[in-house]
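**Q** I am sharing my_file.cif, which consists of mmCIF, C-alpha atoms:
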```
data_data
loop_
_atom_site.label_atom_id
_atom_site.label_comp_id
_atom_site.auth_asym_id
_atom_site.auth_seq_id
_atom_site.Cartn_x
_atom_site.Cartn_y
_atom_site.Cartn_z
CA MET J 1 -67.29 -4.55 243.61
CA ASN J 2 -69.03 -7.68 244.91
CA HIS J 3 -71.02 -6.67 247.98
CA SER J 4 -72.51 -10.06 248.82
CA ILE J 5 -69.72 -11.11 251.17
CA ARG J 6 -70.06 -7.95 253.21
CA MET J 7 -73.85 -8.36 253.37
CA GLN J 8 -73.22 -11.67 255.16
CA CYS J 9 -70.73 -10.15 257.63
CA ASN J 10 -70.72 -11.10 261.26
CA ALA J 11 -73.99 -9.87 262.75
CA LEU J 12 -72.41 -9.80 266.17
CA SER J 13 -70.29 -6.80 265.21
CA TYR J 14 -73.40 -4.80 264.40
CA ARG J 15 -75.16 -5.92 267.56
CA LEU J 16 -72.21 -4.58 269.51
CA VAL J 17 -72.86 -1.18 267.99
CA GLY J 18 -76.60 -1.36 268.55
CA CYS J 19 -76.26 -2.52 272.17
CA ALA J 20 -73.92 0.37 272.90
CA LEU J 21 -76.77 2.88 272.81
CA LEU J 22 -77.26 4.73 276.07
CA GLY J 23 -79.71 7.60 276.31
CA GLY J 24 -79.57 8.18 272.55
CA LEU J 25 -75.75 8.33 272.48
CA VAL J 26 -73.84 5.89 270.29
CA PHE J 27 -70.66 4.33 271.61
CA ALA J 28 -69.39 2.89 268.34
CA LEU J 29 -65.99 1.68 269.47
CA ALA J 30 -66.66 -1.80 270.80
CA GLY J 31 -64.41 -2.62 273.72
CA THR J 32 -62.77 0.81 274.04
CA ALA J 33 -62.54 1.85 277.68
CA GLN J 34 -64.93 4.59 278.71
CA ALA J 35 -62.01 6.48 280.23
CA ASP J 36 -60.49 6.91 276.76
CA TRP J 37 -61.32 9.71 274.33
CA PRO J 38 -60.98 7.61 271.17
CA GLU J 39 -62.29 9.79 268.33
CA PHE J 40 -63.55 13.18 267.21
CA ARG J 41 -66.04 14.40 269.87
CA GLY J 42 -65.27 11.53 272.23
CA PRO J 43 -66.79 8.12 272.99
CA ALA J 44 -70.37 9.39 272.61
CA GLN J 45 -69.54 11.00 269.22
CA ASN J 46 -71.23 14.25 270.34
CA GLY J 47 -68.96 15.99 272.86
CA VAL J 48 -70.82 14.75 275.95
CA VAL J 49 -68.47 13.87 278.83
CA ALA J 50 -69.49 11.11 281.22
CA ASN J 51 -70.81 12.48 284.51
CA GLY J 52 -68.35 12.07 287.36
CA ALA J 53 -65.41 13.89 285.76
CA LYS J 54 -64.34 17.04 287.61
CA LEU J 55 -63.23 19.23 284.76
CA PRO J 56 -61.60 22.60 285.50
CA VAL J 57 -63.48 25.85 284.89
CA GLU J 58 -60.46 28.15 285.23
CA TRP J 59 -57.05 28.19 283.55
CA GLN J 60 -54.66 30.90 282.41
CA VAL J 61 -51.30 31.32 280.74
CA GLN J 62 -50.22 34.95 280.98
CA ASP J 63 -46.64 36.20 280.98
CA ASN J 64 -44.90 33.61 283.16
CA GLN J 65 -47.97 32.93 285.27
CA ARG J 66 -49.82 29.64 284.85
CA LYS J 67 -52.99 28.46 286.55
CA ASN J 68 -54.24 24.88 286.37
CA VAL J 69 -51.75 23.98 283.62
CA ARG J 70 -50.34 20.54 284.42
CA TRP J 71 -47.99 20.59 281.43
CA HIS J 72 -47.44 22.10 278.01
CA THR J 73 -45.46 20.49 275.22
CA PRO J 74 -44.66 22.00 271.81
CA THR J 75 -45.70 20.19 268.64
CA GLU J 76 -44.04 20.26 265.24
CA GLY J 77 -45.71 21.43 262.06
CA LEU J 78 -49.36 22.36 261.86
CA GLY J 79 -52.48 20.28 262.30
CA TRP J 80 -56.03 20.92 263.49
CA SER J 81 -56.88 17.30 264.21
CA SER J 82 -58.27 17.04 267.73
CA PRO J 83 -56.32 15.02 270.31
CA VAL J 84 -57.42 11.48 271.12
CA VAL J 85 -56.52 9.61 274.30
CA VAL J 86 -55.90 5.87 274.56
CA GLY J 87 -54.63 4.66 277.93
CA ASN J 88 -51.72 6.93 278.86
CA SER J 89 -51.08 8.11 275.29
CA ILE J 90 -52.27 11.15 273.34
CA TYR J 91 -52.30 11.02 269.53
CA VAL J 92 -52.40 13.90 267.03
CA THR J 93 -51.52 14.30 263.37
CA SER J 94 -49.59 17.13 261.78
CA ALA J 95 -48.26 18.34 258.44
CA ARG J 96 -44.76 19.69 258.05
CA GLN J 97 -43.71 21.89 255.18
CA GLY J 98 -41.12 20.17 253.01
CA THR J 99 -40.30 16.50 252.54
CA ALA J 100 -38.53 14.39 255.11
CA GLY J 101 -35.15 15.79 256.10
CA SER J 102 -35.85 19.39 255.05
CA ASP J 103 -35.99 22.30 257.45
CA ALA J 104 -39.35 23.15 259.05
CA LYS J 105 -41.01 26.36 257.87
CA PRO J 106 -42.80 29.04 259.93
CA LEU J 107 -46.52 28.44 260.46
CA ALA J 108 -47.40 31.31 258.12
CA GLU J 109 -45.68 29.46 255.28
CA SER J 110 -46.78 25.95 256.24
CA LEU J 111 -49.91 25.68 254.06
CA THR J 112 -48.10 25.69 250.72
CA GLY J 113 -45.62 23.44 248.97
CA PRO J 114 -44.78 19.79 249.68
CA GLN J 115 -45.78 18.37 253.05
CA SER J 116 -44.81 15.42 255.20
CA LEU J 117 -47.79 13.98 257.11
CA TYR J 118 -47.14 12.60 260.60
CA LEU J 119 -48.76 10.83 263.52
CA SER J 120 -47.29 11.82 266.89
CA CYS J 121 -47.78 10.16 270.26
CA TYR J 122 -47.28 11.91 273.61
CA ASN J 123 -47.21 10.66 277.19
CA ALA J 124 -50.47 11.80 278.79
CA SER J 125 -48.86 12.09 282.25
CA ASN J 126 -46.03 14.45 281.36
CA GLY J 127 -46.41 15.48 277.71
CA LEU J 128 -43.15 13.89 276.56
CA LEU J 129 -42.97 12.72 272.95
CA ILE J 130 -43.15 8.92 272.64
CA PHE J 131 -42.88 8.57 268.86
CA ASP J 132 -43.15 10.58 265.69
CA GLN J 133 -44.21 8.45 262.70
CA LYS J 134 -44.26 9.75 259.15
CA ILE J 135 -47.24 8.33 257.25
CA PHE J 136 -47.25 10.02 253.83
CA ASP J 137 -45.45 12.60 251.74
CA GLN J 138 -47.60 15.04 249.81
CA PRO J 139 -46.24 15.79 246.33
CA THR J 140 -45.01 19.19 245.24
CA ASP J 141 -48.33 19.78 243.47
CA ALA J 142 -50.44 19.26 246.63
CA PRO J 143 -53.65 21.29 246.24
CA ASN J 144 -53.99 24.61 247.99
CA ILE J 145 -56.14 24.68 251.12
CA HIS J 146 -58.20 27.26 252.98
CA LYS J 147 -56.16 29.59 255.20
CA LYS J 148 -58.06 28.37 258.29
CA ASN J 149 -57.51 24.72 257.43
CA SER J 150 -54.45 22.50 257.78
CA HIS J 151 -53.15 19.51 255.84
CA ALA J 152 -53.85 17.39 258.94
CA SER J 153 -57.36 18.26 260.11
CA PRO J 154 -59.20 14.90 260.39
CA THR J 155 -58.96 13.40 263.88
CA VAL J 156 -57.35 10.02 264.59
CA LEU J 157 -59.72 7.17 265.48
CA ALA J 158 -58.84 4.39 267.96
CA TYR J 159 -60.66 1.09 267.52
CA LYS J 160 -60.47 -2.05 269.64
CA ASP J 161 -61.08 -5.11 267.49
CA PRO J 162 -63.46 -7.37 269.47
CA THR J 163 -62.10 -10.52 267.80
CA THR J 164 -58.40 -9.88 268.52
CA ASN J 165 -58.68 -7.48 271.48
CA ALA J 166 -56.04 -5.32 269.78
CA THR J 167 -56.46 -1.56 269.54
CA GLN J 168 -55.59 0.05 266.23
CA LEU J 169 -55.36 3.64 265.08
CA PHE J 170 -56.90 4.93 261.86
CA VAL J 171 -55.21 8.02 260.48
CA HIS J 172 -56.96 9.87 257.67
CA PHE J 173 -55.69 12.75 255.55
CA GLY J 174 -58.66 13.09 253.21
CA HIS J 175 -57.59 13.05 249.58
CA GLN J 176 -54.00 12.25 250.60
CA GLY J 177 -54.80 8.83 251.99
CA THR J 178 -55.68 6.69 255.00
CA ALA J 179 -53.57 4.40 257.17
CA CYS J 180 -53.99 1.87 259.96
CA LEU J 181 -51.35 1.74 262.69
CA ALA J 182 -50.64 -0.16 265.88
CA LEU J 183 -50.55 1.83 269.11
CA ASP J 184 -46.73 1.90 268.91
CA GLY J 185 -46.82 3.62 265.51
CA LYS J 186 -46.16 0.59 263.31
CA ILE J 187 -47.97 1.00 259.98
CA LEU J 188 -50.25 -1.99 259.30
CA TRP J 189 -51.79 -0.89 256.00
CA THR J 190 -52.23 2.20 253.86
CA ASP J 191 -54.79 3.22 251.25
CA ARG J 192 -54.05 5.93 248.68
CA GLU J 193 -56.31 4.51 245.98
CA HIS J 194 -59.28 6.67 246.97
CA SER J 195 -57.79 10.01 246.06
CA TYR J 196 -60.01 12.81 244.81
CA ASN J 197 -59.67 16.46 243.89
CA PRO J 198 -60.25 18.45 247.09
CA VAL J 199 -61.53 21.98 247.55
CA HIS J 200 -59.98 23.82 250.55
CA GLY J 201 -58.20 20.65 251.74
CA ASN J 202 -59.34 17.85 254.05
CA GLY J 203 -61.54 17.83 257.16
CA GLY J 204 -63.96 14.97 257.83
CA SER J 205 -62.86 12.32 260.34
CA PRO J 206 -63.48 8.56 259.99
CA ILE J 207 -65.81 6.37 262.06
CA VAL J 208 -65.96 2.61 262.65
CA VAL J 209 -69.20 0.62 262.46
CA GLY J 210 -68.82 -3.12 262.96
CA ASP J 211 -65.72 -4.04 260.95
CA LEU J 212 -65.98 -1.13 258.52
CA LEU J 213 -64.06 2.14 258.45
CA ILE J 214 -66.42 4.73 256.98
CA LEU J 215 -65.25 7.98 255.36
CA THR J 216 -66.73 10.82 253.36
CA CYS J 217 -65.01 11.68 250.05
CA ASP J 218 -66.66 14.95 249.04
CA GLY J 219 -64.29 16.64 246.63
CA SER J 220 -64.73 18.83 243.58
CA GLU J 221 -66.71 16.18 241.69
CA LYS J 222 -68.50 12.84 242.13
CA PRO J 223 -68.74 12.92 245.96
CA TYR J 224 -69.36 9.66 247.80
CA THR J 225 -69.29 7.87 251.15
CA LEU J 226 -66.74 5.03 251.38
CA ALA J 227 -66.43 1.90 253.55
CA LEU J 228 -63.10 0.10 253.96
CA ASP J 229 -62.41 -3.19 255.71
CA VAL J 230 -60.76 -2.31 259.03
CA ARG J 231 -58.29 -5.18 258.77
CA THR J 232 -57.11 -4.77 255.19
CA GLY J 233 -58.06 -1.26 254.03
CA LYS J 234 -59.78 -2.73 250.97
CA GLU J 235 -62.96 -1.13 249.63
CA VAL J 236 -66.19 -2.83 250.69
CA TRP J 237 -68.72 -0.36 249.27
CA ARG J 238 -69.12 3.20 248.10
CA THR J 239 -72.32 5.21 247.81
CA GLN J 240 -72.55 8.22 245.54
CA ARG J 241 -74.33 11.40 246.59
CA ASP J 242 -77.55 11.06 244.63
CA ILE J 243 -78.05 14.73 243.81
CA ALA J 244 -76.93 17.25 241.21
CA THR J 245 -75.09 20.20 242.74
CA ASP J 246 -72.66 22.84 241.52
CA ARG J 247 -70.61 22.80 244.75
CA THR J 248 -69.95 19.19 245.68
CA PHE J 249 -67.26 19.68 248.30
CA SER J 250 -67.91 19.08 252.01
CA PHE J 251 -66.00 17.96 255.12
CA ALA J 252 -68.52 16.34 257.47
CA THR J 253 -67.81 13.44 259.82
CA PRO J 254 -70.49 10.71 259.67
CA LEU J 255 -72.50 9.58 262.70
CA ALA J 256 -73.64 6.06 263.63
CA ILE J 257 -77.04 5.70 265.29
CA THR J 258 -79.51 2.88 265.95
CA VAL J 259 -83.21 3.38 265.20
CA ASP J 260 -85.74 0.59 265.83
CA GLY J 261 -82.93 -1.97 265.82
CA GLN J 262 -81.43 -0.75 262.51
CA VAL J 263 -77.94 0.75 262.53
CA GLN J 264 -77.80 3.85 260.34
CA VAL J 265 -74.80 5.88 259.18
CA ILE J 266 -75.79 9.53 258.88
CA SER J 267 -73.60 11.03 256.16
CA PRO J 268 -74.17 14.73 255.29
CA GLY J 269 -72.83 16.33 252.13
CA SER J 270 -73.54 19.25 249.85
CA ASP J 271 -77.29 19.69 249.31
CA ILE J 272 -78.15 16.27 250.83
CA VAL J 273 -77.88 14.14 253.96
CA GLN J 274 -78.11 10.38 253.46
CA SER J 275 -78.80 7.63 255.95
CA LEU J 276 -76.93 4.49 254.88
CA ASP J 277 -77.11 0.84 255.84
CA PRO J 278 -73.55 0.23 257.06
CA LYS J 279 -73.55 -3.38 255.84
CA THR J 280 -74.15 -2.52 252.18
CA GLY J 281 -74.07 1.27 251.73
CA ARG J 282 -77.72 1.21 250.62
CA VAL J 283 -79.53 4.53 251.10
CA LEU J 284 -82.23 4.15 253.75
CA TRP J 285 -83.50 7.74 253.59
CA SER J 286 -82.34 11.16 252.47
CA VAL J 287 -83.19 14.84 252.97
CA ARG J 288 -82.42 17.57 250.44
CA TYR J 289 -81.51 21.17 251.34
CA SER J 290 -79.47 24.07 250.01
CA GLY J 291 -75.94 24.12 251.41
CA PHE J 292 -72.35 23.12 250.70
CA SER J 293 -68.99 22.84 252.46
CA LEU J 294 -70.61 21.01 255.39
CA ILE J 295 -68.31 20.71 258.40
CA VAL J 296 -70.58 20.32 261.44
CA ARG J 297 -70.95 16.73 262.66
CA PRO J 298 -74.59 15.61 263.10
CA VAL J 299 -76.03 15.00 266.56
CA TYR J 300 -78.66 12.38 267.43
CA HIS J 301 -80.72 13.44 270.45
CA GLN J 302 -84.22 12.68 271.71
CA GLY J 303 -85.08 10.74 268.55
CA LEU J 304 -84.03 13.41 266.04
CA VAL J 305 -81.03 13.76 263.75
CA LEU J 306 -79.81 17.36 264.05
CA ILE J 307 -77.69 18.78 261.23
CA SER J 308 -76.39 22.11 259.98
CA THR J 309 -76.83 22.60 256.24
CA GLY J 310 -73.52 24.46 255.65
CA TYR J 311 -72.68 27.54 253.62
CA MET J 312 -73.78 30.17 252.76
CA SER J 313 -76.70 30.56 255.20
CA PRO J 314 -76.78 27.46 257.39
CA LYS J 315 -80.01 26.12 258.84
CA LEU J 316 -80.38 23.66 261.68
CA LEU J 317 -82.70 20.80 260.74
CA GLY J 318 -84.42 18.38 263.10
CA ILE J 319 -85.05 15.17 261.13
CA ASP J 320 -87.05 12.12 262.19
CA PRO J 321 -84.83 9.19 261.05
CA ARG J 322 -87.64 6.63 260.77
CA GLY J 323 -88.54 7.29 257.13
CA THR J 324 -87.71 5.58 253.85
CA GLY J 325 -86.56 7.15 250.59
CA ASP J 326 -86.64 10.91 250.03
CA VAL J 327 -88.25 12.24 253.23
CA THR J 328 -87.57 15.94 252.68
CA ASP J 329 -91.26 16.82 252.69
CA THR J 330 -92.38 14.40 255.40
CA HIS J 331 -89.76 13.94 258.12
CA VAL J 332 -88.11 17.34 258.69
CA ARG J 333 -89.78 18.27 261.98
CA TRP J 334 -88.43 21.81 262.26
CA SER J 335 -85.84 24.24 260.89
CA VAL J 336 -83.85 27.01 262.61
CA PRO J 337 -82.65 29.71 260.17
CA THR J 338 -80.42 31.99 262.30
CA ALA J 339 -77.18 31.84 264.35
CA VAL J 340 -76.46 28.29 263.10
CA PRO J 341 -72.79 27.23 262.92
CA ASN J 342 -70.85 26.49 259.76
CA THR J 343 -67.94 24.95 261.66
CA PRO J 344 -68.28 24.16 265.42
CA SER J 345 -70.46 21.14 266.16
CA PRO J 346 -73.18 21.60 268.83
CA VAL J 347 -73.73 19.56 271.97
CA PRO J 348 -76.92 18.19 273.58
CA VAL J 349 -77.71 19.35 277.12
CA GLY J 350 -80.92 17.97 278.61
CA ASP J 351 -83.82 19.04 276.41
CA GLN J 352 -81.65 21.53 274.52
CA LEU J 353 -79.13 21.53 271.72
CA VAL J 354 -76.48 24.15 272.53
CA MET J 355 -74.61 25.66 269.60
CA VAL J 356 -72.36 28.60 268.80
CA SER J 357 -72.14 30.28 265.41
CA ASP J 358 -68.76 30.89 263.79
CA GLY J 359 -69.22 34.57 264.72
CA GLY J 360 -69.71 33.90 268.43
CA VAL J 361 -73.48 33.84 269.01
CA ALA J 362 -74.41 31.02 271.40
CA THR J 363 -77.96 29.63 271.36
CA GLY J 364 -79.96 27.01 273.20
CA ILE J 365 -82.56 25.29 271.01
CA SER J 366 -85.45 23.16 272.25
CA VAL J 367 -84.97 19.76 270.60
CA ALA J 368 -88.71 19.07 270.83
CA ASP J 369 -89.81 21.86 268.49
CA GLY J 370 -86.76 23.92 267.41
CA THR J 371 -87.75 27.02 269.37
CA LYS J 372 -85.07 29.31 270.80
CA VAL J 373 -84.71 28.93 274.58
CA TRP J 374 -81.96 31.54 275.02
CA GLN J 375 -79.29 33.38 273.07
CA LYS J 376 -76.08 35.14 274.12
CA ARG J 377 -73.37 36.90 272.17
CA LEU J 378 -69.97 35.63 273.31
CA GLY J 379 -67.77 37.61 270.93
CA GLY J 380 -64.85 36.27 268.93
CA ASN J 381 -64.80 33.59 266.25
CA TYR J 382 -65.32 29.86 266.80
CA SER J 383 -64.26 26.66 265.02
CA ALA J 384 -63.72 24.14 267.86
CA SER J 385 -66.72 21.94 268.67
CA LEU J 386 -68.44 22.17 272.04
CA ILE J 387 -68.20 19.73 274.93
CA ALA J 388 -70.61 19.35 277.86
CA ILE J 389 -70.62 17.65 281.22
CA GLY J 390 -73.99 17.70 282.96
CA ASN J 391 -75.39 21.15 282.24
CA ARG J 392 -71.96 22.77 281.88
CA VAL J 393 -70.77 23.68 278.35
CA TYR J 394 -67.27 24.67 277.18
CA PHE J 395 -66.92 27.12 274.27
CA GLN J 396 -63.43 27.58 272.75
CA SER J 397 -62.68 30.57 270.51
CA GLU J 398 -60.14 30.64 267.71
CA ALA J 399 -58.13 33.29 269.60
CA GLY J 400 -57.48 31.01 272.59
CA GLU J 401 -60.24 32.25 274.90
CA ALA J 402 -62.56 29.68 276.47
CA ILE J 403 -65.92 30.41 278.10
CA VAL J 404 -67.60 27.98 280.48
CA MET J 405 -71.34 28.29 281.07
CA GLU J 406 -74.00 26.55 283.13
CA ILE J 407 -77.02 25.95 280.89
CA GLY J 408 -80.65 26.32 281.96
CA GLN J 409 -83.50 28.45 280.73
CA THR J 410 -80.83 31.16 280.73
CA PRO J 411 -77.05 30.57 280.65
CA THR J 412 -74.72 31.62 283.47
CA GLU J 413 -71.04 32.23 282.79
CA ILE J 414 -68.86 30.52 285.39
CA GLY J 415 -65.42 30.72 283.79
CA ARG J 416 -63.39 32.66 281.23
CA CYS J 417 -59.96 31.29 280.43
CA SER J 418 -57.16 31.85 277.94
CA LEU J 419 -54.22 30.17 276.26
CA PRO J 420 -51.72 31.77 273.87
CA GLY J 421 -52.06 31.06 270.15
CA ARG J 422 -54.90 30.08 267.86
CA VAL J 423 -57.19 27.14 268.61
CA PHE J 424 -59.22 25.32 265.95
CA ALA J 425 -59.04 21.79 267.35
CA SER J 426 -61.74 20.46 269.69
CA TYR J 427 -61.01 19.29 273.22
CA ALA J 428 -60.22 15.81 274.43
CA VAL J 429 -60.90 14.70 278.00
CA ASP J 430 -58.64 12.46 280.08
CA GLN J 431 -60.06 11.60 283.50
CA ASP J 432 -60.61 15.01 285.21
CA ASP J 433 -58.45 17.00 282.79
CA LEU J 434 -58.82 18.73 279.43
CA ILE J 435 -56.35 18.11 276.59
CA ILE J 436 -56.26 21.24 274.43
CA ARG J 437 -54.35 21.64 271.18
CA THR J 438 -53.19 25.09 270.10
CA GLU J 439 -51.36 25.94 266.90
CA ASP J 440 -47.96 25.23 268.49
CA GLY J 441 -48.54 22.71 271.24
CA LEU J 442 -50.59 20.55 273.59
CA TYR J 443 -51.80 21.56 277.05
CA ARG J 444 -53.07 19.38 279.85
CA ILE J 445 -55.45 21.46 281.97
CA GLY J 446 -56.54 20.28 285.41
CA GLU J 447 -57.40 21.67 288.83
CA ASP J 448 -54.35 22.29 291.01
CA GLN J 449 -54.11 19.72 293.78
#
```
Give the structure from this file in structure tokens form.
**A**
Amino acid sequence: MNHSIRMQCNALSYRLVGCALLGGLVFALAGTAQADWPEFRGPAQNGVVANGAKLPVEWQVQDNQRKNVRWHTPTEGLGWSSPVVVGNSIYVTSARQGTAGSDAKPLAESLTGPQSLYLSCYNASNGLLIFDQKIFDQPTDAPNIHKKNSHASPTVLAYKDPTTNATQLFVHFGHQGTACLALDGKILWTDREHSYNPVHGNGGSPIVVGDLLILTCDGSEKPYTLALDVRTGKEVWRTQRDIATDRTFSFATPLAITVDGQVQVISPGSDIVQSLDPKTGRVLWSVRYSGFSLIVRPVYHQGLVLISTGYMSPKLLGIDPRGTGDVTDTHVRWSVPTAVPNTPSPVPVGDQLVMVSDGGVATGISVADGTKVWQKRLGGNYSASLIAIGNRVYFQSEAGEAIVMEIGQTPTEIGRCSLPGRVFASYAVDQDDLIIRTEDGLYRIGEDQ
């Protein structure tokens, strides 16, 4: 692959990314309205909601009683991709057991056999289905996946091209392929050339930096980070994980940050996190650790890259991203060894990073030195990533229970809410409302008027 053309790419695109920094948060989608929720963990890439929204702290669905539920709409198939919001549309992906035209199977049976992979669009005002677009068919020999996963777990990404002013959707199904669509569901291009042998299925969501769509391809062997041209889907560069490991598979979503004027793509994988130059894929720095099956998306806060090292015993690392080369011994500022999540991504709140372990232990960590500020056992199991507005944090359990807490030196619970069915997807936010995906539908949650 000739990289020289991409190295001379339009510098303006990268300045758009760099200029979008605000308080350490990267808004990587040039031109996307702040009111939208255009990707996994929202416009700030870290679950932080812009101040000014008046999100609900109470909601219930019990028997035939509903509180603060504006609407609920059922969804077909199974998918744990988080909702995204563009204008008055909500987008999610799903997988449906059987090829097109066959009867749908119960959820318990939906992880095996052939699958049809879909993008669905719903009206954000009333929940009505706008379109249902099939993207790919999985073959009959589709690999098995983890029982907590789905065949449609990566979240859709909406990107507004600054040169054409058109918004496009990038739909990623890991090893099964990637596609670019118009907002009305028209398929613009597909890429199934970058297939790999997965372990436990797919998971990591794509990001856009400049005019590149960046993905992680961490399968059973030869893991790498990949950049595709957003307009054509053609490969621009790929960077191998430069480490020998017995368990190569991971599912992390990359993060774009700007440090001293240099855009970096933080791409974690098994036993290593790499910082890449998005123009060329060149490794700027790396940190080694012991861990595999990474799921948690990194956070950049108060000058540190914060990552979980994955299974079996995750640690939280605070890394100074201003180094060069292998900085394992020089730029890891602190390490937290207990109650660190394998799955739900944490959220920054003031001087703290707030996280919850998969087993339901919530912790506030001082970003300055990694010390524990507080800890509270919530109970239940957690996969959905956290969101925060001001000092308020939302925790969503797999069993449908949500806990809302005000964060300070000690946390104060201000709401405990529930929806029927399992929840593994993370929230989206639309104006003053929450968009929550359960295993069988979408809910719009907002304060009763």
**Q** Taking the file as shown, what set of residues would the PyMOL selection byres ((chain J and resi 171) around 8) give back, as a count of residues only?
**A** 14
**Q** Find the residues around stretch 326-334 of chain J up to 8 Å (all atoms listed in the file counted), leave out those fewer than 3 positions away in its own chain, and share them as a PyMOL selection string.
**A** chain J and resi 285-288+317-321+323+369-370
**Q** Please enumerate the residues selected by the PyMOL selection byres ((chain J and resi 174) around 10) when evaluated against the supplied file, formatted as a PyMOL selection string.
**A** chain J and resi 151-154+171-173+175-178+192+194-198+201-206+215-219+251
**Q** Go ahead and save the residues from that selection, with C-alpha atoms, as a PDB file, keeping the file's coordinate frame.
**A**
```
ATOM      1  CA  HIS J 151     -53.150  19.510 255.840  1.00  0.00           C
ATOM      2  CA  ALA J 152     -53.850  17.390 258.940  1.00  0.00           C
ATOM      3  CA  SER J 153     -57.360  18.260 260.110  1.00  0.00           C
ATOM      4  CA  PRO J 154     -59.200  14.900 260.390  1.00  0.00           C
ATOM      5  CA  VAL J 171     -55.210   8.020 260.480  1.00  0.00           C
ATOM      6  CA  HIS J 172     -56.960   9.870 257.670  1.00  0.00           C
ATOM      7  CA  PHE J 173     -55.690  12.750 255.550  1.00  0.00           C
ATOM      8  CA  HIS J 175     -57.590  13.050 249.580  1.00  0.00           C
ATOM      9  CA  GLN J 176     -54.000  12.250 250.600  1.00  0.00           C
ATOM     10  CA  GLY J 177     -54.800   8.830 251.990  1.00  0.00           C
ATOM     11  CA  THR J 178     -55.680   6.690 255.000  1.00  0.00           C
ATOM     12  CA  ARG J 192     -54.050   5.930 248.680  1.00  0.00           C
ATOM     13  CA  HIS J 194     -59.280   6.670 246.970  1.00  0.00           C
ATOM     14  CA  SER J 195     -57.790  10.010 246.060  1.00  0.00           C
ATOM     15  CA  TYR J 196     -60.010  12.810 244.810  1.00  0.00           C
ATOM     16  CA  ASN J 197     -59.670  16.460 243.890  1.00  0.00           C
ATOM     17  CA  PRO J 198     -60.250  18.450 247.090  1.00  0.00           C
ATOM     18  CA  GLY J 201     -58.200  20.650 251.740  1.00  0.00           C
ATOM     19  CA  ASN J 202     -59.340  17.850 254.050  1.00  0.00           C
ATOM     20  CA  GLY J 203     -61.540  17.830 257.160  1.00  0.00           C
ATOM     21  CA  GLY J 204     -63.960  14.970 257.830  1.00  0.00           C
ATOM     22  CA  SER J 205     -62.860  12.320 260.340  1.00  0.00           C
ATOM     23  CA  PRO J 206     -63.480   8.560 259.990  1.00  0.00           C
ATOM     24  CA  LEU J 215     -65.250   7.980 255.360  1.00  0.00           C
ATOM     25  CA  THR J 216     -66.730  10.820 253.360  1.00  0.00           C
ATOM     26  CA  CYS J 217     -65.010  11.680 250.050  1.00  0.00           C
ATOM     27  CA  ASP J 218     -66.660  14.950 249.040  1.00  0.00           C
ATOM     28  CA  GLY J 219     -64.290  16.640 246.630  1.00  0.00           C
ATOM     29  CA  PHE J 251     -66.000  17.960 255.120  1.00  0.00           C
TER      30      PHE J 251
END
```
**Q** Apply the PyMOL selection byres ((chain J and resi 47) around 7) to the file shown and report the selected residues as a ChimeraX atom specification.
**A** /J:41-42,44-46,48-49,347,386-388
**Q** Please write the residues from the selection above to a file, keeping C-alpha atoms, as a CSV table (one decimal), in the frame of the given file.
**A**
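So again16.csv came out as:
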```
chain,number,residue,atom,x,y,z
J,41,ARG,CA,-66.0,14.4,269.9
J,42,GLY,CA,-65.3,11.5,272.2
J,44,ALA,CA,-70.4,9.4,272.6
J,45,GLN,CA,-69.5,11.0,269.2
J,46,ASN,CA,-71.2,14.2,270.3
J,48,VAL,CA,-70.8,14.8,276.0
J,49,VAL,CA,-68.5,13.9,278.8
J,347,VAL,CA,-73.7,19.6,272.0
J,386,LEU,CA,-68.4,22.2,272.0
J,387,ILE,CA,-68.2,19.7,274.9
J,388,ALA,CA,-70.6,19.4,277.9
```
**Q** Interatomic distance between atom CA of J:Gln133 and atom CA of J:Pro114?
**A** 17.3 Å
**Q** Fewer than 5 positions away in the same chain doesn't count, so skip those; otherwise give me all residues within 7 Å of J:Ala252, counting only C-alpha atoms, as JSON, numbers by chain.
**A** {"J": [204, 268, 269, 294, 295, 296, 297]}
**Q** One decimal, in Å: what's the spacing between atom CA of J:Leu304 and atom CA of J:Ser250?
**A** 22.1 Å
**Q** Restricting the calculation to all atoms listed in the file, which member of J:Pro337, J:Gly87, J:Gly408, J:Gly446 is positioned closest to J:Val69?
**A** J:Gly446
**Q** Separation of atom CA of J:Gly421 and atom CA of J:Lys376, in Å?
**A** 24.7 Å
**Q** Looking at J:Gly364, J:Pro346, J:Gly390, J:Gly441, which one is nearest to J:Arg422, with distances taken over all atoms listed in the file?
**A**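 Nearest to J:Arg422: J:Gly441.
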**Q** When distances are computed from only C-alpha atoms, which of J:Gly379, J:Gly415, J:Pro43, J:Gly291 shows the smallest separation from J:Ala256?
**A**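 Of J:Gly379, J:Gly415, J:Pro43, J:Gly291, the one nearest J:Ala256 is J:Pro43, counting only C-alpha atoms.
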**Q** Considering only C-alpha atoms, can you say which of J:Ala402, J:Pro83, J:Arg241, J:Asp433 comes closest to J:Pro420?
**A** J:Ala402
**Q** Quick one: of J:Leu226, J:Val423, J:Met405, J:Met312, who's nearest to J:Pro344, counting all atoms listed in the file?
**A**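 Between J:Leu226, J:Val423, J:Met405, J:Met312, the residue approaching J:Pro344 most closely is J:Val423.
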**Q** When you count all atoms listed in the file, which of these residues is closest to J:Asp211: J:Arg238, J:Lys148, J:Arg437, J:Lys160?
**A**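 The shortest atom-to-atom distance to J:Asp211 comes from J:Lys160.
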**Q** Using all atoms listed in the file, which residues sit within 6 Å of J:Gly127 once same-chain residues fewer than 4 positions away are excluded, as a PDB file with C-alpha atoms, in the coordinates of the input?
**A**
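Dumped everything to out.pdb:
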```pdb
ATOM      1  CA  THR J  73     -45.460  20.490 275.220  1.00  0.00           C
ATOM      2  CA  TYR J 122     -47.280  11.910 273.610  1.00  0.00           C
ATOM      3  CA  ASN J 123     -47.210  10.660 277.190  1.00  0.00           C
TER       4      ASN J 123
END
```
